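Peer 1: Coordinates in model.cif, mmCIF, C-alpha atoms, are listed below.
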data_run
loop_
_atom_site.label_atom_id
_atom_site.label_comp_id
_atom_site.auth_asym_id
_atom_site.auth_seq_id
_atom_site.Cartn_x
_atom_site.Cartn_y
_atom_site.Cartn_z
CA MET N 27 25.95 -17.51 20.37
CA LYS N 28 25.52 -16.36 16.82
CA THR N 29 28.45 -16.60 14.42
CA GLU N 30 29.80 -13.45 12.78
CA LEU N 31 28.20 -14.54 9.51
CA GLU N 32 24.77 -14.92 11.08
CA LYS N 33 25.01 -11.50 12.64
CA ASN N 34 25.90 -10.00 9.28
CA GLU N 35 22.94 -11.76 7.73
CA ILE N 36 20.62 -10.22 10.29
CA ALA N 37 22.01 -6.76 9.70
CA THR N 38 21.63 -7.22 5.96
CA GLU N 39 18.07 -8.47 6.36
CA LYS N 40 17.15 -5.36 8.30
CA GLU N 41 18.52 -3.20 5.51
CA LEU N 42 16.76 -5.37 2.96
CA LEU N 43 13.43 -4.96 4.76
CA VAL N 44 13.79 -1.18 4.92
CA LYS N 45 14.74 -1.08 1.24
CA MET N 46 11.70 -3.15 0.30
CA VAL N 47 9.40 -0.61 1.94
CA ILE N 48 11.16 2.34 0.30
CA SER N 49 11.05 0.59 -3.09
CA ALA N 50 7.30 0.15 -2.73
CA TRP N 51 7.00 3.88 -2.04
CA ASP N 52 9.22 4.70 -5.02
CA ALA N 53 7.12 2.47 -7.26
CA GLN N 54 3.94 4.29 -6.19
CA GLN N 55 5.55 7.66 -6.79
CA LYS N 56 6.54 6.51 -10.28
CA ASN N 57 2.99 5.32 -10.91
CA ALA N 58 1.66 8.66 -9.73
CA ASP N 59 4.04 10.62 -11.96
CA LYS N 60 3.13 8.43 -14.93
CA GLN N 61 -0.61 8.81 -14.33
CA LEU N 62 -0.35 12.57 -13.85
CA ALA N 63 1.77 13.01 -16.97
CA ALA N 64 -0.77 11.08 -19.05
CA LEU N 65 -3.79 13.15 -17.95
CA SER N 66 -4.76 16.35 -19.75
CA ASP N 67 -5.69 19.40 -17.67
CA GLU N 68 -9.28 18.81 -18.77
CA GLN N 69 -9.21 15.23 -17.47
CA LEU N 70 -7.62 16.32 -14.18
CA SER N 71 -10.32 18.98 -13.75
CA ALA N 72 -13.11 16.40 -14.06
CA GLU N 73 -14.70 14.47 -11.21
CA ILE N 74 -13.51 10.86 -10.88
CA ALA N 75 -17.19 9.82 -10.74
CA PRO N 76 -20.36 11.93 -10.79
CA GLY N 77 -20.49 13.96 -7.56
CA ALA N 78 -17.13 12.64 -6.32
CA ASN N 79 -13.79 14.43 -5.84
CA SER N 80 -12.14 16.12 -8.80
CA GLY N 81 -8.77 14.98 -10.09
CA ILE N 82 -7.27 18.31 -9.02
CA TYR N 83 -8.51 17.86 -5.47
CA LEU N 84 -7.02 14.36 -5.25
CA PHE N 85 -3.75 15.57 -6.76
CA GLY N 86 -3.57 18.45 -4.26
CA HIS N 87 -4.50 16.05 -1.48
CA LEU N 88 -1.61 13.72 -2.35
CA ALA N 89 0.78 16.68 -2.64
CA GLY N 90 -0.34 17.97 0.77
CA VAL N 91 0.04 14.57 2.40
CA ASN N 92 3.55 14.21 0.98
CA ASP N 93 4.43 17.74 2.12
CA ALA N 94 3.27 16.86 5.63
CA LEU N 95 5.74 13.95 5.64
CA LEU N 96 8.59 16.45 5.90
CA PRO N 97 7.82 17.55 9.49
CA LEU N 98 6.34 14.16 10.46
CA LEU N 99 9.58 12.38 9.56
CA GLY N 100 11.68 15.13 11.13
CA PHE N 101 13.12 16.40 7.85
CA GLY N 102 12.05 20.03 8.27
CA GLU N 103 9.12 22.37 7.68
CA LYS N 104 6.42 21.90 5.07
CA LEU N 105 7.25 23.54 1.75
CA TYR N 106 3.64 24.52 0.90
CA PRO N 107 1.68 24.71 4.15
CA HIS N 108 -1.31 26.36 2.44
CA LEU N 109 -2.12 23.00 0.80
CA GLU N 110 -3.40 21.73 4.15
CA GLU N 111 -6.47 23.94 4.39
CA ILE N 112 -7.42 23.51 0.73
CA PHE N 113 -6.78 19.79 0.29
CA LEU N 114 -6.50 18.10 3.69
CA THR N 115 -8.70 19.61 6.37
CA ASN N 116 -11.51 20.59 4.01
CA PRO N 117 -13.33 18.57 1.35
CA ASP N 118 -13.46 19.40 -2.35
CA LYS N 119 -15.71 22.29 -3.36
CA SER N 120 -15.34 24.05 0.01
CA GLY N 121 -14.80 27.35 -1.76
CA PHE N 122 -11.05 27.68 -1.20
CA GLU N 123 -9.08 28.89 -4.19
CA GLN N 124 -7.13 25.96 -5.58
CA PRO N 125 -3.67 26.35 -7.14
CA SER N 126 -3.51 25.84 -10.90
CA ILE N 127 -2.55 22.41 -12.22
CA SER N 128 0.84 23.70 -13.33
CA GLU N 129 1.48 25.18 -9.88
CA LEU N 130 0.45 21.88 -8.29
CA LYS N 131 2.84 20.00 -10.57
CA ASN N 132 5.68 22.26 -9.46
CA TYR N 133 4.78 21.75 -5.80
CA TRP N 134 4.52 17.99 -6.34
CA ASN N 135 7.96 17.78 -7.96
CA GLU N 136 9.59 19.99 -5.32
CA ILE N 137 8.08 18.08 -2.41
CA ASN N 138 8.96 14.68 -3.83
CA ALA N 139 12.51 15.70 -4.73
CA ASN N 140 12.95 16.95 -1.17
CA LEU N 141 11.61 13.68 0.27
CA ALA N 142 13.78 11.58 -2.06
CA SER N 143 16.85 13.53 -1.04
CA HIS N 144 16.17 12.82 2.66
CA PHE N 145 15.31 9.19 1.96
CA SER N 146 18.68 8.70 0.26
CA GLN N 147 20.50 9.99 3.32
CA ILE N 148 18.94 8.31 6.32
CA SER N 149 20.02 4.92 7.62
CA SER N 150 17.93 1.82 8.30
CA ASP N 151 18.36 2.50 12.01
CA GLU N 152 16.99 6.00 11.61
CA TRP N 153 13.93 4.69 9.76
CA LEU N 154 13.12 2.76 12.92
CA THR N 155 13.23 5.83 15.16
CA LYS N 156 10.03 7.54 16.22
CA HIS N 157 8.09 9.90 14.01
CA THR N 158 7.46 13.37 15.41
CA ALA N 159 3.78 12.89 16.31
CA VAL N 160 4.45 10.26 18.99
CA SER N 161 5.87 10.95 22.46
CA ASP N 162 9.00 9.27 23.83
CA GLU N 163 6.88 7.47 26.41
CA ASP N 164 4.40 6.07 23.92
CA PHE N 165 7.17 5.12 21.51
CA ALA N 166 8.95 3.14 24.23
CA LYS N 167 5.83 1.00 24.53
CA GLU N 168 4.87 1.03 20.86
CA PRO N 169 8.06 0.80 18.78
CA HIS N 170 6.07 0.24 15.59
CA ARG N 171 5.20 3.95 15.63
CA ASN N 172 8.38 4.67 13.71
CA LYS N 173 9.20 6.58 10.55
CA LEU N 174 9.13 3.52 8.32
CA ASN N 175 5.62 2.63 9.43
CA VAL N 176 4.48 6.11 8.42
CA LEU N 177 5.89 5.42 4.98
CA ILE N 178 4.07 2.06 4.73
CA SER N 179 0.84 3.78 5.64
CA ARG N 180 1.34 6.67 3.21
CA THR N 181 2.23 4.30 0.37
CA ASN N 182 -1.11 2.55 0.84
CA HIS N 183 -2.90 5.88 1.09
CA GLN N 184 -1.38 6.98 -2.19
CA SER N 185 -2.38 3.69 -3.88
CA TYR N 186 -5.94 4.21 -2.67
CA HIS N 187 -6.21 7.56 -4.42
CA LEU N 188 -4.23 6.48 -7.50
CA GLY N 189 -6.90 3.84 -8.05
CA GLN N 190 -9.39 6.70 -8.14
CA LEU N 191 -7.25 8.97 -10.34
CA SER N 192 -6.90 6.12 -12.84
CA LEU N 193 -10.60 6.52 -13.65
CA LEU N 194 -9.86 9.91 -15.22
CA ALA N 195 -7.88 8.32 -18.04
CA LYS N 196 -11.15 7.20 -19.62
CA LYS N 197 -12.77 10.64 -19.52
CA MET L 3 31.81 -7.00 18.09
CA LYS L 4 28.19 -6.45 18.94
CA THR L 5 27.06 -6.99 22.52
CA GLU L 6 24.41 -9.61 23.27
CA LEU L 7 21.89 -6.81 23.85
CA GLU L 8 22.57 -5.24 20.48
CA LYS L 9 22.12 -8.59 18.78
CA ASN L 10 18.79 -9.07 20.51
CA GLU L 11 17.73 -5.62 19.38
CA ILE L 12 18.49 -6.52 15.78
CA ALA L 13 16.51 -9.75 16.00
CA THR L 14 13.62 -7.85 17.56
CA GLU L 15 13.80 -5.17 14.91
CA LYS L 16 13.53 -7.76 12.17
CA GLU L 17 10.42 -9.18 13.78
CA LEU L 18 9.06 -5.68 14.27
CA LEU L 19 9.57 -4.88 10.59
CA VAL L 20 7.80 -8.06 9.49
CA LYS L 21 4.95 -7.35 11.89
CA MET L 22 4.57 -3.81 10.55
CA VAL L 23 4.05 -5.16 7.03
CA ILE L 24 1.57 -7.80 8.18
CA SER L 25 -0.32 -5.19 10.25
CA ALA L 26 -0.66 -3.00 7.17
CA TRP L 27 -2.11 -5.98 5.29
CA ASP L 28 -4.49 -6.74 8.18
CA ALA L 29 -5.64 -3.12 8.26
CA GLN L 30 -6.44 -3.23 4.53
CA GLN L 31 -8.33 -6.49 4.94
CA LYS L 32 -10.36 -4.90 7.73
CA ASN L 33 -11.07 -1.88 5.53
CA ALA L 34 -12.15 -4.18 2.73
CA ASP L 35 -14.46 -6.18 4.99
CA LYS L 36 -15.94 -2.97 6.37
CA GLN L 37 -16.52 -1.49 2.91
CA LEU L 38 -18.05 -4.71 1.58
CA ALA L 39 -20.35 -5.09 4.57
CA ALA L 40 -21.61 -1.52 4.12
CA LEU L 41 -22.48 -1.92 0.42
CA SER L 42 -25.87 -3.26 -0.67
CA ASP L 43 -26.00 -5.86 -3.44
CA GLU L 44 -27.40 -3.14 -5.67
CA GLN L 45 -24.44 -0.84 -4.96
CA LEU L 46 -21.95 -3.67 -5.53
CA SER L 47 -23.60 -4.47 -8.86
CA ALA L 48 -23.14 -0.89 -10.10
CA GLU L 49 -20.16 0.45 -12.04
CA ILE L 50 -17.73 2.49 -9.94
CA ALA L 51 -17.90 5.19 -12.64
CA PRO L 52 -19.77 5.25 -15.95
CA GLY L 53 -18.23 2.63 -18.25
CA ALA L 54 -15.75 1.43 -15.60
CA ASN L 55 -15.54 -1.88 -13.71
CA SER L 56 -18.47 -3.03 -11.61
CA GLY L 57 -18.15 -3.46 -7.87
CA ILE L 58 -18.69 -7.21 -8.30
CA TYR L 59 -15.83 -7.45 -10.77
CA LEU L 60 -13.46 -5.60 -8.41
CA PHE L 61 -14.59 -7.72 -5.48
CA GLY L 62 -14.02 -10.93 -7.48
CA HIS L 63 -10.68 -9.56 -8.64
CA LEU L 64 -9.51 -8.96 -5.07
CA ALA L 65 -10.76 -12.41 -4.04
CA GLY L 66 -8.91 -14.02 -6.96
CA VAL L 67 -5.69 -12.15 -6.18
CA ASN L 68 -5.87 -13.23 -2.53
CA ASP L 69 -6.59 -16.82 -3.58
CA ALA L 70 -3.51 -16.76 -5.82
CA LEU L 71 -1.42 -15.80 -2.77
CA LEU L 72 -1.87 -19.34 -1.41
CA PRO L 73 0.33 -21.03 -4.06
CA LEU L 74 2.56 -17.97 -4.52
CA LEU L 75 3.49 -17.98 -0.84
CA GLY L 76 3.82 -21.77 -0.81
CA PHE L 77 0.78 -22.36 1.42
CA GLY L 78 -1.03 -24.75 -0.92
CA GLU L 79 -3.39 -24.82 -3.87
CA LYS L 80 -5.91 -22.12 -4.74
CA LEU L 81 -9.30 -22.68 -3.13
CA TYR L 82 -11.34 -21.23 -6.03
CA PRO L 83 -9.23 -21.49 -9.20
CA HIS L 84 -12.17 -20.59 -11.45
CA LEU L 85 -11.92 -16.99 -10.18
CA GLU L 86 -8.81 -16.51 -12.30
CA GLU L 87 -10.48 -16.67 -15.71
CA ILE L 88 -13.46 -14.57 -14.67
CA PHE L 89 -11.73 -11.87 -12.64
CA LEU L 90 -7.97 -11.89 -13.35
CA THR L 91 -7.08 -12.84 -16.90
CA ASN L 92 -10.18 -11.29 -18.48
CA PRO L 93 -11.72 -7.85 -18.06
CA ASP L 94 -15.21 -7.13 -16.77
CA LYS L 95 -18.08 -7.81 -19.16
CA SER L 96 -16.17 -10.56 -21.02
CA GLY L 97 -19.24 -12.77 -20.92
CA PHE L 98 -18.09 -15.20 -18.22
CA GLU L 99 -20.72 -16.12 -15.70
CA GLN L 100 -19.88 -14.41 -12.41
CA PRO L 101 -20.55 -15.98 -9.02
CA SER L 102 -23.34 -14.35 -6.99
CA ILE L 103 -22.39 -11.73 -4.42
CA SER L 104 -23.20 -14.13 -1.58
CA GLU L 105 -21.00 -16.83 -3.15
CA LEU L 106 -18.21 -14.28 -3.55
CA LYS L 107 -18.55 -13.29 0.10
CA ASN L 108 -18.18 -16.92 1.12
CA TYR L 109 -15.11 -17.33 -1.10
CA TRP L 110 -13.64 -14.10 0.26
CA ASN L 111 -14.06 -15.18 3.88
CA GLU L 112 -12.69 -18.68 3.23
CA ILE L 113 -9.65 -17.42 1.34
CA ASN L 114 -8.82 -14.75 3.91
CA ALA L 115 -9.29 -17.10 6.87
CA ASN L 116 -6.92 -19.54 5.17
CA LEU L 117 -4.34 -16.81 4.58
CA ALA L 118 -4.64 -15.50 8.14
CA SER L 119 -4.12 -18.98 9.51
CA HIS L 120 -0.88 -19.39 7.54
CA PHE L 121 0.27 -15.87 8.43
CA SER L 122 -0.11 -16.66 12.11
CA GLN L 123 2.15 -19.69 11.78
CA ILE L 124 5.14 -18.61 9.73
CA SER L 125 8.24 -17.01 11.22
CA SER L 126 9.93 -13.75 10.28
CA ASP L 127 12.72 -15.81 8.71
CA GLU L 128 10.23 -17.66 6.55
CA TRP L 129 8.70 -14.40 5.34
CA LEU L 130 12.13 -13.57 3.93
CA THR L 131 12.37 -16.80 1.91
CA LYS L 132 11.61 -16.81 -1.79
CA HIS L 133 8.12 -16.85 -3.20
CA THR L 134 7.29 -19.70 -5.58
CA ALA L 135 7.43 -17.70 -8.82
CA VAL L 136 11.17 -16.94 -8.57
CA SER L 137 13.97 -19.43 -9.23
CA ASP L 138 16.68 -20.27 -6.69
CA GLU L 139 19.27 -18.65 -8.98
CA ASP L 140 17.39 -15.40 -9.37
CA PHE L 141 16.55 -15.28 -5.68
CA ALA L 142 20.24 -15.63 -4.74
CA LYS L 143 20.91 -12.43 -6.70
CA GLU L 144 17.65 -10.66 -5.81
CA PRO L 145 16.81 -11.44 -2.18
CA HIS L 146 14.03 -8.85 -2.19
CA ARG L 147 11.91 -11.28 -4.22
CA ASN L 148 10.69 -12.84 -1.00
CA LYS L 149 7.27 -13.65 0.44
CA LEU L 150 7.05 -10.45 2.47
CA ASN L 151 7.63 -8.31 -0.60
CA VAL L 152 4.70 -10.05 -2.30
CA LEU L 153 2.57 -9.04 0.67
CA ILE L 154 3.73 -5.41 0.47
CA SER L 155 2.83 -5.34 -3.19
CA ARG L 156 -0.57 -7.00 -2.70
CA THR L 157 -1.45 -4.63 0.15
CA ASN L 158 -0.91 -1.69 -2.19
CA HIS L 159 -2.86 -3.42 -4.94
CA GLN L 160 -5.77 -3.92 -2.60
CA SER L 161 -5.68 -0.25 -1.49
CA TYR L 162 -5.76 0.80 -5.13
CA HIS L 163 -9.02 -1.05 -5.74
CA LEU L 164 -10.51 -0.16 -2.34
CA GLY L 165 -10.19 3.47 -3.35
CA GLN L 166 -12.35 2.61 -6.35
CA LEU L 167 -14.84 0.49 -4.40
CA SER L 168 -15.31 3.38 -1.97
CA LEU L 169 -17.05 5.30 -4.78
CA LEU L 170 -19.94 2.84 -4.66
CA ALA L 171 -20.96 4.01 -1.17
CA LYS L 172 -22.42 7.15 -2.73
CA LYS L 173 -24.52 5.32 -5.29
#
As structure tokens, how would this structure be written, given the file I've shared?

Peer 2:
Amino acid sequence: MKTELEKNEIATEKELLVKMVISAWDAQQKNADKQLAALSDEQLSAEIAPGANSGIYLFGHLAGVNDALLPLLGFGEKLYPHLEEIFLTNPDKSGFEQPSISELKNYWNEINANLASHFSQISSDEWLTKHTAVSDEDFAKEPHRNKLNVLISRTNHQSYHLGQLSLLAKK
Amino acid sequence: MKTELEKNEIATEKELLVKMVISAWDAQQKNADKQLAALSDEQLSAEIAPGANSGIYLFGHLAGVNDALLPLLGFGEKLYPHLEEIFLTNPDKSGFEQPSISELKNYWNEINANLASHFSQISSDEWLTKHTAVSDEDFAKEPHRNKLNVLISRTNHQSYHLGQLSLLAKK
């Protein structure tokens, strides 16, 4: 039998683990905001390397992926569903009209404020519940397909593209 | 009072959380191996963008960072300490002689096999113990400065540079 103290330690460790993952996300979001604030519109309009994606495309892509977290984590509908076609399901230079950089910045701030507000309200237990793209049956067998795991994956995805956006600072 | 079942659930959840973080690391390592295997020596020798780091420098940088995990996580000494000066404390083109790509690939495989072997042996509880660069006093106040948090941070760091290395595939 575990003592009361040991049980409390376990509960605290679970919360600690969840907080560590959210902190990593927050740190990436801060990095992203810092990078975006430091880039001129001209830099953001450039390609990260010759023939590669433009800064605007990557920015819109990250905004669209964050927006899609809202339904995936069960927080509600996407705020800017038109981002999907322009920045997620189609590559750069597909001919779709892209929002302006200032519009994208507004979307970005709105989406992230919405996510942060939900993140501040849900419990560690809720982070371990299933995301909305997995069935009850599959989740029963694969409990790692939870909301927190989505966040781990999206944090890495954001890092991946921030490494690319960082190249624009030298342009 | 928690029932025995609830206590077991908590213990399982802690292990699940630790496994989720390690799986994210493993997935990045797999991505890295896949990217590196697909790049020719000529591609790896190129700059990721004009005037930016070369593929070799980024590869050596990731190898050096992984090597430094061995002492940081308390697993032992670095295997290739000379990587630090060439790829960590100095920027690309500093004039230090770089290992060949085939040497780097050997280092990379050795370092990662060593890490994987340690990862397979340590318990969830051990992942939550302090890393070696934090004092006992600071750790008592800041329990998030544990080994698992180092891994979360390094996974994101690796993603950041993999996003850059991916640009070489088009060269």

Peer 1: Any chance you could lay chain N over chain L, fitting all C-alpha atoms in order by least squares, and write the moved chain as a short mmCIF file (atom, residue, chain, number, x, y, z; two decimals) with C-alpha atoms, keeping the file's coordinate frame?

Peer 2:
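Wrote it out as part-v3.cif, contents follow:
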data_model
loop_
_atom_site.label_atom_id
_atom_site.label_comp_id
_atom_site.auth_asym_id
_atom_site.auth_seq_id
_atom_site.Cartn_x
_atom_site.Cartn_y
_atom_site.Cartn_z
CA MET N 27 31.82 -7.19 18.14
CA LYS N 28 28.21 -6.61 19.00
CA THR N 29 27.04 -7.12 22.57
CA GLU N 30 24.35 -9.70 23.32
CA LEU N 31 21.88 -6.87 23.87
CA GLU N 32 22.58 -5.32 20.48
CA LYS N 33 22.12 -8.65 18.77
CA ASN N 34 18.78 -9.10 20.50
CA GLU N 35 17.75 -5.64 19.40
CA ILE N 36 18.51 -6.51 15.80
CA ALA N 37 16.53 -9.71 15.99
CA THR N 38 13.62 -7.85 17.54
CA GLU N 39 13.79 -5.15 14.88
CA LYS N 40 13.53 -7.76 12.15
CA GLU N 41 10.43 -9.17 13.78
CA LEU N 42 9.07 -5.67 14.26
CA LEU N 43 9.57 -4.87 10.57
CA VAL N 44 7.80 -8.05 9.47
CA LYS N 45 4.95 -7.34 11.88
CA MET N 46 4.57 -3.80 10.54
CA VAL N 47 4.05 -5.14 7.02
CA ILE N 48 1.56 -7.78 8.18
CA SER N 49 -0.33 -5.18 10.24
CA ALA N 50 -0.66 -2.99 7.16
CA TRP N 51 -2.12 -5.97 5.29
CA ASP N 52 -4.49 -6.72 8.17
CA ALA N 53 -5.63 -3.11 8.25
CA GLN N 54 -6.44 -3.22 4.52
CA GLN N 55 -8.33 -6.47 4.93
CA LYS N 56 -10.36 -4.88 7.73
CA ASN N 57 -11.07 -1.87 5.53
CA ALA N 58 -12.16 -4.17 2.73
CA ASP N 59 -14.47 -6.16 5.01
CA LYS N 60 -15.96 -2.95 6.38
CA GLN N 61 -16.53 -1.49 2.91
CA LEU N 62 -18.05 -4.71 1.58
CA ALA N 63 -20.35 -5.07 4.58
CA ALA N 64 -21.62 -1.51 4.12
CA LEU N 65 -22.50 -1.91 0.42
CA SER N 66 -25.88 -3.25 -0.68
CA ASP N 67 -25.99 -5.86 -3.45
CA GLU N 68 -27.41 -3.13 -5.69
CA GLN N 69 -24.44 -0.84 -4.96
CA LEU N 70 -21.96 -3.68 -5.54
CA SER N 71 -23.62 -4.47 -8.88
CA ALA N 72 -23.16 -0.90 -10.12
CA GLU N 73 -20.17 0.44 -12.04
CA ILE N 74 -17.73 2.50 -9.95
CA ALA N 75 -17.92 5.19 -12.66
CA PRO N 76 -19.79 5.24 -15.97
CA GLY N 77 -18.24 2.60 -18.26
CA ALA N 78 -15.76 1.42 -15.61
CA ASN N 79 -15.54 -1.89 -13.71
CA SER N 80 -18.48 -3.03 -11.61
CA GLY N 81 -18.16 -3.47 -7.87
CA ILE N 82 -18.69 -7.21 -8.29
CA TYR N 83 -15.83 -7.45 -10.76
CA LEU N 84 -13.47 -5.60 -8.41
CA PHE N 85 -14.59 -7.73 -5.47
CA GLY N 86 -14.02 -10.93 -7.47
CA HIS N 87 -10.69 -9.55 -8.65
CA LEU N 88 -9.52 -8.96 -5.07
CA ALA N 89 -10.76 -12.41 -4.02
CA GLY N 90 -8.90 -14.02 -6.94
CA VAL N 91 -5.69 -12.15 -6.17
CA ASN N 92 -5.86 -13.22 -2.53
CA ASP N 93 -6.58 -16.82 -3.56
CA ALA N 94 -3.51 -16.75 -5.79
CA LEU N 95 -1.41 -15.80 -2.76
CA LEU N 96 -1.85 -19.33 -1.41
CA PRO N 97 0.33 -21.03 -4.06
CA LEU N 98 2.57 -17.97 -4.53
CA LEU N 99 3.51 -17.97 -0.84
CA GLY N 100 3.83 -21.76 -0.79
CA PHE N 101 0.81 -22.35 1.43
CA GLY N 102 -1.00 -24.75 -0.91
CA GLU N 103 -3.38 -24.82 -3.86
CA LYS N 104 -5.89 -22.12 -4.73
CA LEU N 105 -9.29 -22.67 -3.11
CA TYR N 106 -11.33 -21.23 -6.03
CA PRO N 107 -9.21 -21.49 -9.18
CA HIS N 108 -12.16 -20.60 -11.43
CA LEU N 109 -11.93 -16.99 -10.17
CA GLU N 110 -8.81 -16.51 -12.29
CA GLU N 111 -10.48 -16.69 -15.69
CA ILE N 112 -13.47 -14.58 -14.66
CA PHE N 113 -11.73 -11.87 -12.63
CA LEU N 114 -7.99 -11.90 -13.35
CA THR N 115 -7.09 -12.85 -16.90
CA ASN N 116 -10.18 -11.31 -18.48
CA PRO N 117 -11.72 -7.86 -18.05
CA ASP N 118 -15.22 -7.14 -16.77
CA LYS N 119 -18.08 -7.84 -19.17
CA SER N 120 -16.16 -10.58 -21.01
CA GLY N 121 -19.22 -12.80 -20.92
CA PHE N 122 -18.07 -15.23 -18.22
CA GLU N 123 -20.71 -16.15 -15.67
CA GLN N 124 -19.86 -14.42 -12.42
CA PRO N 125 -20.55 -15.99 -9.01
CA SER N 126 -23.33 -14.37 -6.99
CA ILE N 127 -22.39 -11.75 -4.41
CA SER N 128 -23.20 -14.14 -1.58
CA GLU N 129 -21.00 -16.83 -3.14
CA LEU N 130 -18.20 -14.29 -3.55
CA LYS N 131 -18.53 -13.29 0.10
CA ASN N 132 -18.16 -16.93 1.14
CA TYR N 133 -15.10 -17.34 -1.08
CA TRP N 134 -13.63 -14.10 0.27
CA ASN N 135 -14.05 -15.17 3.89
CA GLU N 136 -12.68 -18.67 3.26
CA ILE N 137 -9.64 -17.41 1.37
CA ASN N 138 -8.81 -14.74 3.92
CA ALA N 139 -9.27 -17.08 6.88
CA ASN N 140 -6.91 -19.53 5.19
CA LEU N 141 -4.32 -16.80 4.59
CA ALA N 142 -4.63 -15.49 8.16
CA SER N 143 -4.11 -18.97 9.53
CA HIS N 144 -0.86 -19.36 7.54
CA PHE N 145 0.27 -15.85 8.42
CA SER N 146 -0.09 -16.65 12.13
CA GLN N 147 2.15 -19.67 11.78
CA ILE N 148 5.14 -18.60 9.73
CA SER N 149 8.23 -17.00 11.21
CA SER N 150 9.94 -13.73 10.28
CA ASP N 151 12.72 -15.78 8.71
CA GLU N 152 10.24 -17.64 6.54
CA TRP N 153 8.71 -14.37 5.33
CA LEU N 154 12.13 -13.55 3.91
CA THR N 155 12.38 -16.77 1.91
CA LYS N 156 11.61 -16.79 -1.80
CA HIS N 157 8.12 -16.82 -3.21
CA THR N 158 7.30 -19.67 -5.58
CA ALA N 159 7.44 -17.68 -8.83
CA VAL N 160 11.18 -16.93 -8.58
CA SER N 161 13.98 -19.43 -9.23
CA ASP N 162 16.70 -20.25 -6.70
CA GLU N 163 19.28 -18.65 -8.98
CA ASP N 164 17.41 -15.39 -9.39
CA PHE N 165 16.56 -15.26 -5.69
CA ALA N 166 20.24 -15.61 -4.77
CA LYS N 167 20.90 -12.42 -6.72
CA GLU N 168 17.65 -10.65 -5.85
CA PRO N 169 16.80 -11.42 -2.21
CA HIS N 170 14.02 -8.83 -2.20
CA ARG N 171 11.91 -11.26 -4.23
CA ASN N 172 10.69 -12.82 -1.00
CA LYS N 173 7.28 -13.62 0.43
CA LEU N 174 7.05 -10.43 2.46
CA ASN N 175 7.62 -8.29 -0.61
CA VAL N 176 4.70 -10.03 -2.30
CA LEU N 177 2.57 -9.03 0.66
CA ILE N 178 3.71 -5.38 0.46
CA SER N 179 2.81 -5.34 -3.21
CA ARG N 180 -0.58 -6.99 -2.71
CA THR N 181 -1.46 -4.63 0.14
CA ASN N 182 -0.92 -1.68 -2.19
CA HIS N 183 -2.88 -3.41 -4.94
CA GLN N 184 -5.79 -3.91 -2.59
CA SER N 185 -5.68 -0.24 -1.49
CA TYR N 186 -5.78 0.80 -5.14
CA HIS N 187 -9.03 -1.04 -5.74
CA LEU N 188 -10.54 -0.17 -2.34
CA GLY N 189 -10.21 3.48 -3.36
CA GLN N 190 -12.36 2.60 -6.36
CA LEU N 191 -14.86 0.48 -4.40
CA SER N 192 -15.33 3.38 -1.98
CA LEU N 193 -17.06 5.30 -4.78
CA LEU N 194 -19.95 2.83 -4.65
CA ALA N 195 -20.98 4.01 -1.19
CA LYS N 196 -22.43 7.15 -2.76
CA LYS N 197 -24.53 5.30 -5.34
#

Peer 1: Selected by the PyMOL selection byres ((chain N and resi 169) around 10) in the shown coordinates: which residues, as a list of chain:residue names?

Peer 2: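 Written out, the selection comes to N:Leu154, N:Thr155, N:Lys156, N:Asp162, N:Asp164, N:Phe165, N:Ala166, N:Lys167, N:Glu168, N:His170, N:Arg171, N:Asn172, N:Asn175, L:Glu15, L:Leu18.
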
Peer 1: Report as JSON, numbers by chain the full result of the PyMOL selection byres ((chain N and resi 195) around 12) when it is applied to this structure.

Peer 2: {"N": [60, 61, 62, 63, 64, 65, 66, 67, 68, 69, 70, 71, 72, 73, 74, 75, 81, 188, 189, 190, 191, 192, 193, 194, 196, 197], "L": [51, 53, 54]}

Peer 1: Identify, on the basis of all atoms listed in the file, every residue whose closest approach to L:Leu71 does not exceed 12 Å; exclude the query and any residue fewer than 6 positions from it along the same chain; express the result as a list in words.

Peer 2: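 Here the qualifying residues turn out to be Leu64, Ala65, Phe77, Gly78, Glu79, Lys80, Leu81, Tyr82, Pro83, Ile113, Asn114, Asn116, Leu117, Ala118, His120, Phe121, His133, Thr134, Ala135, Lys149, Leu150, Asn151, Val152, Leu153, Ser155, Arg156 and Thr157 of chain L.
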
Peer 1: If you apply the PyMOL selection byres ((chain L and resi 161) around 7) to this file, what residues do you get, as a PyMOL selection string?

Peer 2: (chain N and resi 182+185-186) or (chain L and resi 30+157-160+162-165)
